[in-house]
Amino acid sequence: MTKTTSKKDKDKGQDPLLARPYKVSHQTLCITGVNFKHRAIIGYVELTIIPQKSTLSRVKLNSKQCRIYRVTVNGAEAAFDYSDPTLEVCQGDTRQRNLDYFSTCHVSAVGSVDSDMGNGELNIHVPHEVYSNVSDGRPLQVSIEFSLEKPKGGLQFVVPDMEGTMAERGAHVFSYGLENSSRLWFPCVDSYSELCTWKLEFTVDAAMTAVSCGDLVDTVFTADSKKKTFHYVLSIPTSAPNIAVAIGPFEILVDPHMHEVTYFCLPHLMSLLKNTADSIHRILEFYEELLSWRYPYSCYKAVFVDQSYENIGSYASLTVFNTNLLHTPRIIDQTPYTRRVIAYAVAQQFFGCYVCMHSWSDVWVGKGIAGYLLGQYIKKFFGKNEYRYWIHSEQQKLVHYETEKELVVLHSKDTSARGRYFHTRHPHTTSWIHSKMAARKSHLITRLVEQKIGFESLLQVFNKLLSLATSAASQKYTPTNWSNMLLSSASFVKLISTVSGKDIHLLLDQWVYQGGVVHFSGSFVFNRKRNLVELELNQKVGEHGIQKYVGPLTVTIQELDGSFNHNVQIEDNTTRHELVCHSKSRRNKKKKIPLVNGEEVDMDLSAMDADSPVLWIRIDPQLTLVRKVEWQQPDFMWQYQLRYERDIIAQHDSIIALEQFPTPASRLALTDILENESCFYRVRMEAAFCLSKVANAMVSSWMGPPAMMSMFKRMFCTQMYTNLIKCNNFSNLQGYFLQKTMPVAMGAVRDAHGRCPKDVLQFILQLIKYNDNGKNKFSDNYYRASLIDALAATVTPSVTMLDTSTDSRTEQALLPETKAVLEDVVRHLNLEKLLPCYQFTITVSCLKAIRTLQKNGHLPSNAALFKSYADPGQFVNVRLVAMEILADFVHVDEDEEVLGWLLDYVENDPIPYVRHKLLQLLIKNPPFTPKEESKLNKESLVERLWTTLNTGLSYDARLRCDLVDLYYTMFGRSRPSCLPPPEFGLLVNLKEKKAAAVLQEDDKASSSTGETHGVKRKAEADPLPPTTPLLTPSDPTLEVQPQEGSNKMRIKIKLGGGGKPPEEQAAGSPEVQKQQQQQEQLATPQAGLPQEPAASKVSDVSAAASKPRPDHKKSSSHPSPHPHQSSSKHHHEQSSSHKQKKKKKHKHKHKHKSKHGSHDDRGHGKPVRSPRP
């Protein structure tokens, strides 16, 4: 019998390899039929398991939403139970509405079927005929026949609504899901720690192709040639979550440079596929050379599908990509993004699929290594500047999340919620945003490990991990030795110590085992007499998300004679350091200054302090910490740093700082950067937007034409007529991105009246009018979209007085400038319907521009247009931007009808990706927050969200976690303020003559836990409060309600006087005031209740308080009408005998009660109720 994992073991993080009393050595998955019309599959699985204990009596597997027809063990029929507590997370007590309660129930429900804890939804009883095999330790063959119809998760059927056969219509199906989601489409042990070899068979129509993991060994046609079966074999031990399939009328392309790589795409997309896949063989070769190890699988397959769950889904030797990643050679903007996505997917083949995580707490290691490899690819193919910019932007996003939202603990030794509204012990309970931030932090910490032990040593560690995994995989018939293919935090640290001889425990304690970032603020003073810099650094410890740092810190001082690094020791929250300067004060106004890269530049020193040799100072220039720095230095130092510092992070920091110094010198420095072609293009783009802000702050003293206009004409317009732009030529990519950015930045410029200058608006309109892309080899769709964005940026609030009651906006009421903007936007929007561009980028910009006109009072605030673009059938990017605008409607106008319309799509949209993105949009721009008063904050909204959260999203863990985030954003962790106060009740056991005061609702989830369907879950709550005597006649009115089928009664206390509603009471009467005082006393849980020593009958009172819940257990060896209902003969015999015993009269009542109050550990009968306060 399976040993149940105790709560203590869970908190300690029990080894998942020891939690299961058996080991899976091989699994066969056979899909015998795929029906696109009914969106159904049918098949069977066979698992070869090796018992690890001679007492094995049950085999627990994972299976959700599958209909189980038959289970056999070594050919003998086996009874089974089915239990899925995640179908309804909070069971029984339907009055709870706070997230703390939901989080407790959620993690308990998920844990009760977690395969890493030895649990599962499908509980198979080992027949007595095979007990001898178990005692001898011989393998068992478990066979399960199942089907799946209209899946709500796990499998995505894409069937276009058009004429023709399924192949002609491009119908296809593919598997998807969050981590540990293979259970959604076939029974398995859904754990990364359970490795086995695989045999995969898929029978499909002759016009279809089935792509799966492993090597394709054979394709067999049926006798009538209408169907064919694809046979795949995966000899490398692999976990079930890394198994996937895609079936459709795919076009096939074999990589001409690397024949073991094959690509699949939907019909008519081959030309896009050839261009997009051209870089994959180079990515593979780069990783093989970097790791000094060959690609671990014998083949690699890339499938591009529509309506994918994410942009990439990585599985063993297979990656499922989104079709929207495909592009032609004419598209510039999509190319670098697609290559990054593909590079990350290939990196996950090495670490994530081949070498996978040991448990969920170790996921940071694999994701960190894959992200680190992606960084090395970016550095190699996109340049060091792009790599450093990416690292800096990733760090800034993480810092913002940890300081504003939640702490990110990569490997928590404490499995509690740690003050969060969600648990991170399992992927199905972790916020999706939090998971993404954890992945981001993982690769940043891996980079810190590289700085600690060295680049070459870290590559040796990666090579050793692959070597150990390959050695383990070669032992085909010894599953116990496959543990070296699992990557854990402990094994990673041990291997680093072995290879490099260095200890990284302090680094892990700082960044892995605890959350938070470092926040420095500081300034300096130059001491002329002693020729040194007096530096003061402060840590803002105590603020949310900030941790204290103790250790070394690098300070770089750029002096007249060069750049010098100083290592200072940080010990306290405030530290002061004296750093000796190596240069003397200047004597000449101009001098050649050596920079950190060895370059010498002529520098005008007239702006700096004559007594100081310091040009600028930087804190932690190499990003050796996950930190935020607020540094104070004079504006001329920021200007010098922007002009002459070659590190793009330093230039970025300078641009941000110069926004606070709107002076002619700052304007000149930003202009120099814009015109400097040797400067990194991203820095020049940031300088353009900063220059517009500086110009707006200097509007009273600004001289000359509007900012950047003359510069743009000089760069991109003809010499003969400066207002006429040249024909597009995007061969210079830096010039292309700058040409896109500068008009948008110019659109943000404002005059003294707060309006966009007419010269700027007319110039942008001319850019649109005279745009010529006839001789350009690249597409200009992104450029034209940016011009529409520039038009939207020129829009300012309307000053026309309108009748708000009638909203009488007419075309004649518009200003000429606004009318010109509207006409251009509408023209492009209509033209896009006739000549659509790549991914409808212009439509996206036009919709945003129309919303900008509405928000500024130039157009009626009407959502009808955006609803039409958000409907299914539109391109996904167009739908999402329309939904983003509608979410803004809800936030600004408090439109209840639009909110309900959006929630309909959250609940029913056929594309999971759209539902996920819509929830993310609502989280980013919520209808309201707990601190805001809103007419949308109604009880009906709470009930709708709670019902969907509790019972409507059991087959998509990501959507459920998204809705938890939205619920928290709108209502917080506690009970929503729009709900009535909790009802106070009294339960009385007439037999024991005892009474217990309980709250029907409790805002503290820690005092109660949910109960599962058919699964015993120990309550994590404290026992019930001591019982109290019955209330006297002088107390509030009592109402007695007999309980059906029981000798116990429920007594309700009516607070308010004699049963009358409070509004009918005479205001201010002494009786009402007295009753209100009593109500306030009783509303406090356990307040003023006298203690009674006899508390042994609390469980009886609790049993009376509990209503019977629907039992979702299933025990059957025959087909059942519903996947959650079954009728086992053995189960009914138990139930009938139990009822017969209940009817008999017993003299020893207490003994009879004890006998029937406990239940067999096999799960027969009703589950034991958990006590609730």
# chains A, B, ... in the order shown; residues from 1 in each chain; ligands from 1
$ residues_around --residues "region 126-141 of chain A" --least-positions-apart "5" --cutoff "8 Å" --atoms "only C-alpha atoms" --output "number ranges by chain"
A: 46-59, 72-79
$ residues_around --residues "Leu670 (chain A)" --least-positions-apart "4" --cutoff "10 Å" --atoms "only C-alpha atoms" --output "ChimeraX atom specification"
/A:639,642-643,654-655,658,664-666,674-676,684,686-691,694
$ closest_atom_pairs --of "region 876-909 of chain A" --to "region 954-973 of chain A" --cutoff "12 Å" --atoms "only C-alpha atoms" --output "Markdown table"
| residue | atom | partner | partner_atom | distance |
| --- | --- | --- | --- | --- |
| A:His891 | CA | A:Met970 | CA | 11.3 |
| A:Leu903 | CA | A:Leu963 | CA | 10.6 |
| A:Val906 | CA | A:Leu959 | CA | 8.8 |
| A:Glu907 | CA | A:Leu959 | CA | 9.6 |
| A:Asn908 | CA | A:Leu959 | CA | 11.9 |
| A:Asp909 | CA | A:Leu959 | CA | 12.0 |
$ write_last_selection --atoms "N, CA, C and O atoms" --output "PDB file, in the first residue's frame"
ATOM      1  N   HIS A 891     -11.920  50.597 -17.401  1.00  0.00           N
ATOM      2  CA  HIS A 891     -11.224  51.330 -16.336  1.00  0.00           C
ATOM      3  C   HIS A 891     -11.633  52.802 -16.293  1.00  0.00           C
ATOM      4  O   HIS A 891     -11.857  53.360 -15.214  1.00  0.00           O
ATOM      5  N   LEU A 903     -15.428  39.417 -19.914  1.00  0.00           N
ATOM      6  CA  LEU A 903     -15.412  38.202 -19.093  1.00  0.00           C
ATOM      7  C   LEU A 903     -16.020  37.020 -19.836  1.00  0.00           C
ATOM      8  O   LEU A 903     -15.637  35.866 -19.589  1.00  0.00           O
ATOM      9  N   VAL A 906     -13.166  35.668 -21.591  1.00  0.00           N
ATOM     10  CA  VAL A 906     -12.283  34.982 -20.657  1.00  0.00           C
ATOM     11  C   VAL A 906     -12.773  33.563 -20.398  1.00  0.00           C
ATOM     12  O   VAL A 906     -11.978  32.616 -20.286  1.00  0.00           O
ATOM     13  N   GLU A 907     -14.079  33.389 -20.340  1.00  0.00           N
ATOM     14  CA  GLU A 907     -14.644  32.093 -20.006  1.00  0.00           C
ATOM     15  C   GLU A 907     -14.810  31.186 -21.223  1.00  0.00           C
ATOM     16  O   GLU A 907     -14.723  29.963 -21.087  1.00  0.00           O
ATOM     17  N   ASN A 908     -15.038  31.768 -22.421  1.00  0.00           N
ATOM     18  CA  ASN A 908     -15.480  30.934 -23.539  1.00  0.00           C
ATOM     19  C   ASN A 908     -14.672  31.063 -24.817  1.00  0.00           C
ATOM     20  O   ASN A 908     -14.995  30.374 -25.792  1.00  0.00           O
ATOM     21  N   ASP A 909     -13.680  31.922 -24.889  1.00  0.00           N
ATOM     22  CA  ASP A 909     -12.944  32.070 -26.144  1.00  0.00           C
ATOM     23  C   ASP A 909     -12.271  30.748 -26.505  1.00  0.00           C
ATOM     24  O   ASP A 909     -11.689  30.071 -25.644  1.00  0.00           O
TER      25      ASP A 909
END
$ closest_atom_pairs --of "region 536-595 of chain A" --to "region 388-399 of chain A" --cutoff "12 Å" --atoms "only C-alpha atoms" --output "Markdown table"
| residue | atom | partner | partner_atom | distance |
| --- | --- | --- | --- | --- |
| A:His544 | CA | A:Val399 | CA | 11.0 |
| A:Gly545 | CA | A:Val399 | CA | 8.3 |
| A:Ile546 | CA | A:Val399 | CA | 9.3 |
| A:Gln547 | CA | A:Val399 | CA | 11.6 |
$ write_last_selection --atoms "all heavy atoms" --output "short mmCIF file (atom, residue, chain, number, x, y, z; two decimals), in the first residue's frame"
data_model
loop_
_atom_site.label_atom_id
_atom_site.label_comp_id
_atom_site.auth_asym_id
_atom_site.auth_seq_id
_atom_site.Cartn_x
_atom_site.Cartn_y
_atom_site.Cartn_z
N HIS A 544 9.94 47.52 0.76
CA HIS A 544 9.46 46.25 0.21
C HIS A 544 10.39 45.77 -0.91
O HIS A 544 10.73 46.52 -1.81
CB HIS A 544 8.05 46.40 -0.34
CG HIS A 544 7.49 45.12 -0.90
ND1 HIS A 544 7.62 44.76 -2.23
CD2 HIS A 544 6.81 44.12 -0.31
CE1 HIS A 544 7.04 43.60 -2.43
NE2 HIS A 544 6.54 43.19 -1.28
N GLY A 545 10.78 44.50 -0.81
CA GLY A 545 11.59 43.91 -1.85
C GLY A 545 13.06 44.23 -1.78
O GLY A 545 13.82 43.85 -2.68
N ILE A 546 13.52 44.92 -0.72
CA ILE A 546 14.92 45.32 -0.61
C ILE A 546 15.59 44.46 0.45
O ILE A 546 15.08 44.33 1.57
CB ILE A 546 15.05 46.81 -0.25
CG1 ILE A 546 14.30 47.67 -1.28
CG2 ILE A 546 16.51 47.20 -0.18
CD1 ILE A 546 14.78 47.51 -2.70
N GLN A 547 16.72 43.87 0.11
CA GLN A 547 17.50 43.10 1.07
C GLN A 547 18.82 43.81 1.34
O GLN A 547 19.29 44.62 0.54
CB GLN A 547 17.77 41.68 0.55
CG GLN A 547 18.56 41.64 -0.75
CD GLN A 547 19.07 40.25 -1.06
OE1 GLN A 547 19.93 39.74 -0.34
NE2 GLN A 547 18.55 39.65 -2.12
#
$ residues_around --residues "Phe737 (chain A)" --least-positions-apart "5" --cutoff "10 Å" --atoms "only C-alpha atoms" --output "number ranges by chain"
A: 332-333, 681-682, 684-685, 730, 732, 742, 782-783
$ residues_around --residues "region 856-859 of chain A" --least-positions-apart "4" --cutoff "9 Å" --atoms "only C-alpha atoms" --output "list of chain:residue names"
A:Val795, A:Thr796, A:Pro797, A:Ser798, A:Val799, A:Thr800, A:Arg809, A:Thr810, A:Ala813, A:Leu814, A:Leu815, A:Thr818, A:Ile850, A:Arg851, A:Thr852
$ atom_distance --atom1 "CA of Met746 (chain A)" --atom2 "CA of Val881 (chain A)"
23.9 Å
$ closest_residue --among "A:Ile911, A:Val626, A:Leu945, A:Leu184" --to "Ser147 (chain A)" --atoms "only C-alpha atoms"
A:Leu184
$ residues_around --residues "Leu595 (chain A)" --least-positions-apart "3" --cutoff "10 Å" --atoms "only C-alpha atoms" --output "list in words"
Gln558, Glu559, Leu560, Asp561, Gly562, Ser563, Phe564, Lys592, Gly598, Glu599, Glu600, Val601, Tyr644, Glu645 and Arg646 of chain A
$ write_last_selection --atoms "all heavy atoms" --output "short mmCIF file (atom, residue, chain, number, x, y, z; two decimals), in the first residue's frame"
data_model
loop_
_atom_site.label_atom_id
_atom_site.label_comp_id
_atom_site.auth_asym_id
_atom_site.auth_seq_id
_atom_site.Cartn_x
_atom_site.Cartn_y
_atom_site.Cartn_z
N GLN A 558 36.13 57.74 -13.53
CA GLN A 558 36.80 58.21 -14.74
C GLN A 558 37.48 59.53 -14.43
O GLN A 558 36.83 60.54 -14.12
CB GLN A 558 35.80 58.39 -15.87
CG GLN A 558 36.39 58.95 -17.16
CD GLN A 558 37.42 58.01 -17.79
OE1 GLN A 558 37.11 56.83 -17.99
NE2 GLN A 558 38.61 58.52 -18.09
N GLU A 559 38.82 59.52 -14.48
CA GLU A 559 39.60 60.69 -14.18
C GLU A 559 40.26 61.23 -15.45
O GLU A 559 40.14 60.64 -16.54
CB GLU A 559 40.66 60.36 -13.13
CG GLU A 559 40.10 59.80 -11.83
CD GLU A 559 41.19 59.44 -10.84
OE1 GLU A 559 42.30 60.01 -10.96
OE2 GLU A 559 40.95 58.60 -9.96
N LEU A 560 40.99 62.31 -15.30
CA LEU A 560 41.66 62.91 -16.45
C LEU A 560 42.73 61.99 -17.03
O LEU A 560 42.98 62.00 -18.23
CB LEU A 560 42.29 64.25 -16.04
CG LEU A 560 41.30 65.36 -15.65
CD1 LEU A 560 42.07 66.59 -15.18
CD2 LEU A 560 40.40 65.72 -16.81
N ASP A 561 43.35 61.20 -16.17
CA ASP A 561 44.42 60.32 -16.62
C ASP A 561 43.96 58.89 -16.89
O ASP A 561 44.79 58.00 -17.09
CB ASP A 561 45.54 60.29 -15.57
CG ASP A 561 46.24 61.64 -15.45
OD1 ASP A 561 46.11 62.45 -16.39
OD2 ASP A 561 46.89 61.88 -14.42
N GLY A 562 42.66 58.64 -16.85
CA GLY A 562 42.16 57.31 -17.17
C GLY A 562 41.06 56.87 -16.24
O GLY A 562 40.61 57.62 -15.35
N SER A 563 40.62 55.63 -16.44
CA SER A 563 39.54 55.04 -15.64
C SER A 563 40.15 54.11 -14.60
O SER A 563 41.00 53.26 -14.93
CB SER A 563 38.57 54.27 -16.54
OG SER A 563 37.54 53.69 -15.79
N PHE A 564 39.72 54.23 -13.34
CA PHE A 564 40.29 53.47 -12.24
C PHE A 564 39.15 52.81 -11.45
O PHE A 564 38.15 53.45 -11.12
CB PHE A 564 41.11 54.37 -11.32
CG PHE A 564 42.25 55.07 -12.03
CD1 PHE A 564 42.08 56.34 -12.54
CD2 PHE A 564 43.48 54.43 -12.18
CE1 PHE A 564 43.13 56.98 -13.19
CE2 PHE A 564 44.52 55.07 -12.84
CZ PHE A 564 44.34 56.34 -13.35
N LYS A 592 43.46 65.15 -24.25
CA LYS A 592 43.14 63.79 -24.64
C LYS A 592 42.97 62.94 -23.38
O LYS A 592 43.87 62.86 -22.55
CB LYS A 592 44.25 63.21 -25.53
CG LYS A 592 44.17 63.64 -26.99
CD LYS A 592 45.16 62.86 -27.82
CE LYS A 592 44.98 63.17 -29.30
NZ LYS A 592 43.69 62.72 -29.81
N GLY A 598 40.74 51.78 -23.62
CA GLY A 598 42.03 52.09 -24.21
C GLY A 598 42.00 53.21 -25.23
O GLY A 598 43.07 53.68 -25.67
N GLU A 599 40.83 53.64 -25.61
CA GLU A 599 40.70 54.71 -26.59
C GLU A 599 40.98 56.06 -25.93
O GLU A 599 40.66 56.30 -24.77
CB GLU A 599 39.28 54.69 -27.17
CG GLU A 599 39.01 55.77 -28.19
CD GLU A 599 37.55 55.77 -28.63
OE1 GLU A 599 36.78 54.91 -28.14
OE2 GLU A 599 37.18 56.63 -29.45
N GLU A 600 41.62 56.97 -26.71
CA GLU A 600 41.87 58.33 -26.24
C GLU A 600 41.03 59.30 -27.06
O GLU A 600 41.01 59.23 -28.29
CB GLU A 600 43.35 58.69 -26.37
CG GLU A 600 44.24 57.94 -25.39
CD GLU A 600 45.66 58.47 -25.39
OE1 GLU A 600 45.96 59.36 -26.23
OE2 GLU A 600 46.47 58.02 -24.56
N VAL A 601 40.32 60.20 -26.37
CA VAL A 601 39.41 61.12 -27.04
C VAL A 601 39.73 62.55 -26.61
O VAL A 601 40.18 62.79 -25.48
CB VAL A 601 37.94 60.79 -26.72
CG1 VAL A 601 37.55 59.43 -27.27
CG2 VAL A 601 37.68 60.86 -25.23
N TYR A 644 31.02 60.28 -23.84
CA TYR A 644 32.32 59.63 -23.97
C TYR A 644 32.40 58.23 -23.36
O TYR A 644 33.33 57.50 -23.67
CB TYR A 644 33.41 60.52 -23.35
CG TYR A 644 33.45 61.90 -23.96
CD1 TYR A 644 33.05 63.02 -23.24
CD2 TYR A 644 33.86 62.08 -25.28
CE1 TYR A 644 33.09 64.29 -23.79
CE2 TYR A 644 33.88 63.34 -25.85
CZ TYR A 644 33.50 64.44 -25.11
OH TYR A 644 33.52 65.69 -25.68
N GLU A 645 31.49 57.86 -22.47
CA GLU A 645 31.50 56.51 -21.93
C GLU A 645 31.00 55.55 -23.01
O GLU A 645 29.94 55.74 -23.59
CB GLU A 645 30.63 56.42 -20.67
CG GLU A 645 30.52 55.02 -20.09
CD GLU A 645 31.85 54.46 -19.64
OE1 GLU A 645 32.42 54.98 -18.66
OE2 GLU A 645 32.32 53.51 -20.28
N ARG A 646 31.77 54.48 -23.25
CA ARG A 646 31.43 53.56 -24.33
C ARG A 646 30.48 52.44 -23.90
O ARG A 646 29.99 51.69 -24.74
CB ARG A 646 32.71 52.96 -24.92
CG ARG A 646 33.64 53.99 -25.55
CD ARG A 646 32.93 54.71 -26.69
NE ARG A 646 33.80 55.70 -27.34
CZ ARG A 646 33.59 56.99 -27.30
NH1 ARG A 646 32.56 57.49 -26.61
NH2 ARG A 646 34.40 57.83 -27.94
#
$ atom_distance --atom1 "CA of Glu310 (chain A)" --atom2 "CA of Pro160 (chain A)"
19.9 Å
$ residues_around --residues "region 401-415 of chain A" --least-positions-apart "5" --cutoff "9 Å" --atoms "only C-alpha atoms" --output "PyMOL selection string"
chain A and resi 10-13+360-364+396+420+423-425+434-435+437-439+441-442+489+511-517+543-546
$ write_last_selection --atoms "N, CA and C atoms" --output "tab-separated table (two decimals), in the first residue's frame"
chain	number	residue	atom	x	y	z
A	10	LYS	N	6.23	17.00	3.26
A	10	LYS	CA	6.02	17.98	2.19
A	10	LYS	C	6.82	19.24	2.46
A	11	ASP	N	6.77	19.71	3.69
A	11	ASP	CA	7.46	20.94	4.02
A	11	ASP	C	8.97	20.77	3.86
A	12	LYS	N	9.46	19.56	4.13
A	12	LYS	CA	10.88	19.33	3.97
A	12	LYS	C	11.25	19.10	2.51
A	13	GLY	N	10.25	18.95	1.63
A	13	GLY	CA	10.55	18.73	0.22
A	13	GLY	C	10.96	17.29	-0.02
A	360	TRP	N	10.10	20.61	-8.64
A	360	TRP	CA	9.72	21.96	-9.03
A	360	TRP	C	10.59	23.01	-8.35
A	361	SER	N	11.10	22.74	-7.19
A	361	SER	CA	11.97	23.71	-6.51
A	361	SER	C	13.32	23.84	-7.21
A	362	ASP	N	13.65	22.90	-8.10
A	362	ASP	CA	14.91	22.95	-8.83
A	362	ASP	C	14.76	23.49	-10.24
A	363	VAL	N	13.58	24.01	-10.57
A	363	VAL	CA	13.34	24.45	-11.94
A	363	VAL	C	14.25	25.61	-12.33
A	364	TRP	N	14.71	26.38	-11.36
A	364	TRP	CA	15.53	27.55	-11.65
A	364	TRP	C	16.86	27.17	-12.29
A	396	GLN	N	16.16	45.28	-14.81
A	396	GLN	CA	15.25	46.35	-14.42
A	396	GLN	C	13.83	45.83	-14.24
A	420	ARG	N	2.47	35.73	0.47
A	420	ARG	CA	1.89	35.91	-0.85
A	420	ARG	C	0.45	35.41	-0.86
A	423	HIS	N	0.75	30.09	-3.66
A	423	HIS	CA	1.85	29.22	-3.24
A	423	HIS	C	2.75	28.95	-4.45
A	424	THR	N	4.04	28.80	-4.18
A	424	THR	CA	4.99	28.54	-5.25
A	424	THR	C	5.55	27.13	-5.19
A	425	ARG	N	4.91	26.25	-4.43
A	425	ARG	CA	5.45	24.90	-4.31
A	425	ARG	C	5.10	24.03	-5.51
A	434	HIS	N	4.73	35.61	-11.90
A	434	HIS	CA	5.80	35.27	-10.97
A	434	HIS	C	6.72	34.22	-11.58
A	435	SER	N	6.18	33.25	-12.29
A	435	SER	CA	7.00	32.22	-12.93
A	435	SER	C	7.93	32.84	-13.97
A	437	MET	N	9.05	35.90	-13.97
A	437	MET	CA	10.08	36.64	-13.25
A	437	MET	C	11.10	35.69	-12.63
A	438	ALA	N	10.66	34.53	-12.18
A	438	ALA	CA	11.60	33.55	-11.64
A	438	ALA	C	12.55	33.05	-12.72
A	439	ALA	N	12.02	32.81	-13.93
A	439	ALA	CA	12.89	32.41	-15.04
A	439	ALA	C	13.87	33.52	-15.39
A	441	LYS	N	15.03	35.81	-13.31
A	441	LYS	CA	16.03	35.87	-12.25
A	441	LYS	C	17.00	34.70	-12.34
A	442	SER	N	16.52	33.56	-12.81
A	442	SER	CA	17.36	32.36	-12.87
A	442	SER	C	18.57	32.58	-13.77
A	489	SER	N	19.30	21.50	-7.37
A	489	SER	CA	20.16	22.56	-6.85
A	489	SER	C	21.39	21.99	-6.16
A	511	TRP	N	20.91	35.14	-3.21
A	511	TRP	CA	20.05	35.38	-4.37
A	511	TRP	C	19.08	34.24	-4.69
A	512	VAL	N	19.31	33.04	-4.19
A	512	VAL	CA	18.46	31.90	-4.55
A	512	VAL	C	17.52	31.52	-3.42
A	513	TYR	N	18.04	31.43	-2.21
A	513	TYR	CA	17.24	30.98	-1.09
A	513	TYR	C	16.44	32.09	-0.42
A	514	GLN	N	16.61	33.31	-0.87
A	514	GLN	CA	15.80	34.41	-0.37
A	514	GLN	C	15.52	35.37	-1.52
A	515	GLY	N	14.48	36.15	-1.38
A	515	GLY	CA	14.10	37.10	-2.41
A	515	GLY	C	14.59	38.50	-2.07
A	516	GLY	N	14.38	39.40	-3.02
A	516	GLY	CA	14.75	40.78	-2.81
A	516	GLY	C	15.93	41.19	-3.67
A	517	VAL	N	16.08	42.49	-3.85
A	517	VAL	CA	17.18	43.07	-4.61
A	517	VAL	C	17.89	44.08	-3.73
A	543	GLU	N	12.49	48.79	2.97
A	543	GLU	CA	11.46	48.96	1.96
A	543	GLU	C	11.11	47.59	1.36
A	544	HIS	N	9.94	47.52	0.76
A	544	HIS	CA	9.46	46.25	0.21
A	544	HIS	C	10.39	45.77	-0.91
A	545	GLY	N	10.78	44.50	-0.81
A	545	GLY	CA	11.59	43.91	-1.85
A	545	GLY	C	13.06	44.23	-1.78
A	546	ILE	N	13.52	44.92	-0.72
A	546	ILE	CA	14.92	45.32	-0.61
A	546	ILE	C	15.59	44.46	0.45
$ select_by_dssp --residues "region 366-558 of chain A" --states "strand (DSSP E or B)" --output "PyMOL selection string"
chain A and resi 486-487+517-527+532-539+541+543+546+551-558
$ atom_distance --atom1 "CA of Asp190 (chain A)" --atom2 "CA of Pro427 (chain A)"
12.4 Å
$ closest_residue --among "A:Ser692, A:Gln762, A:Thr843, A:Ser678" --to "Ala820 (chain A)" --atoms "only C-alpha atoms"
A:Gln762
$ residues_around --residues "Gln156 (chain A)" --least-positions-apart "2" --cutoff "8 Å" --atoms "only C-alpha atoms" --output "list in words"
Pro151, Gly153, Gly154, Val158, Val173, Phe174, Ser175, Tyr176, Gln307 and Ser308 of chain A
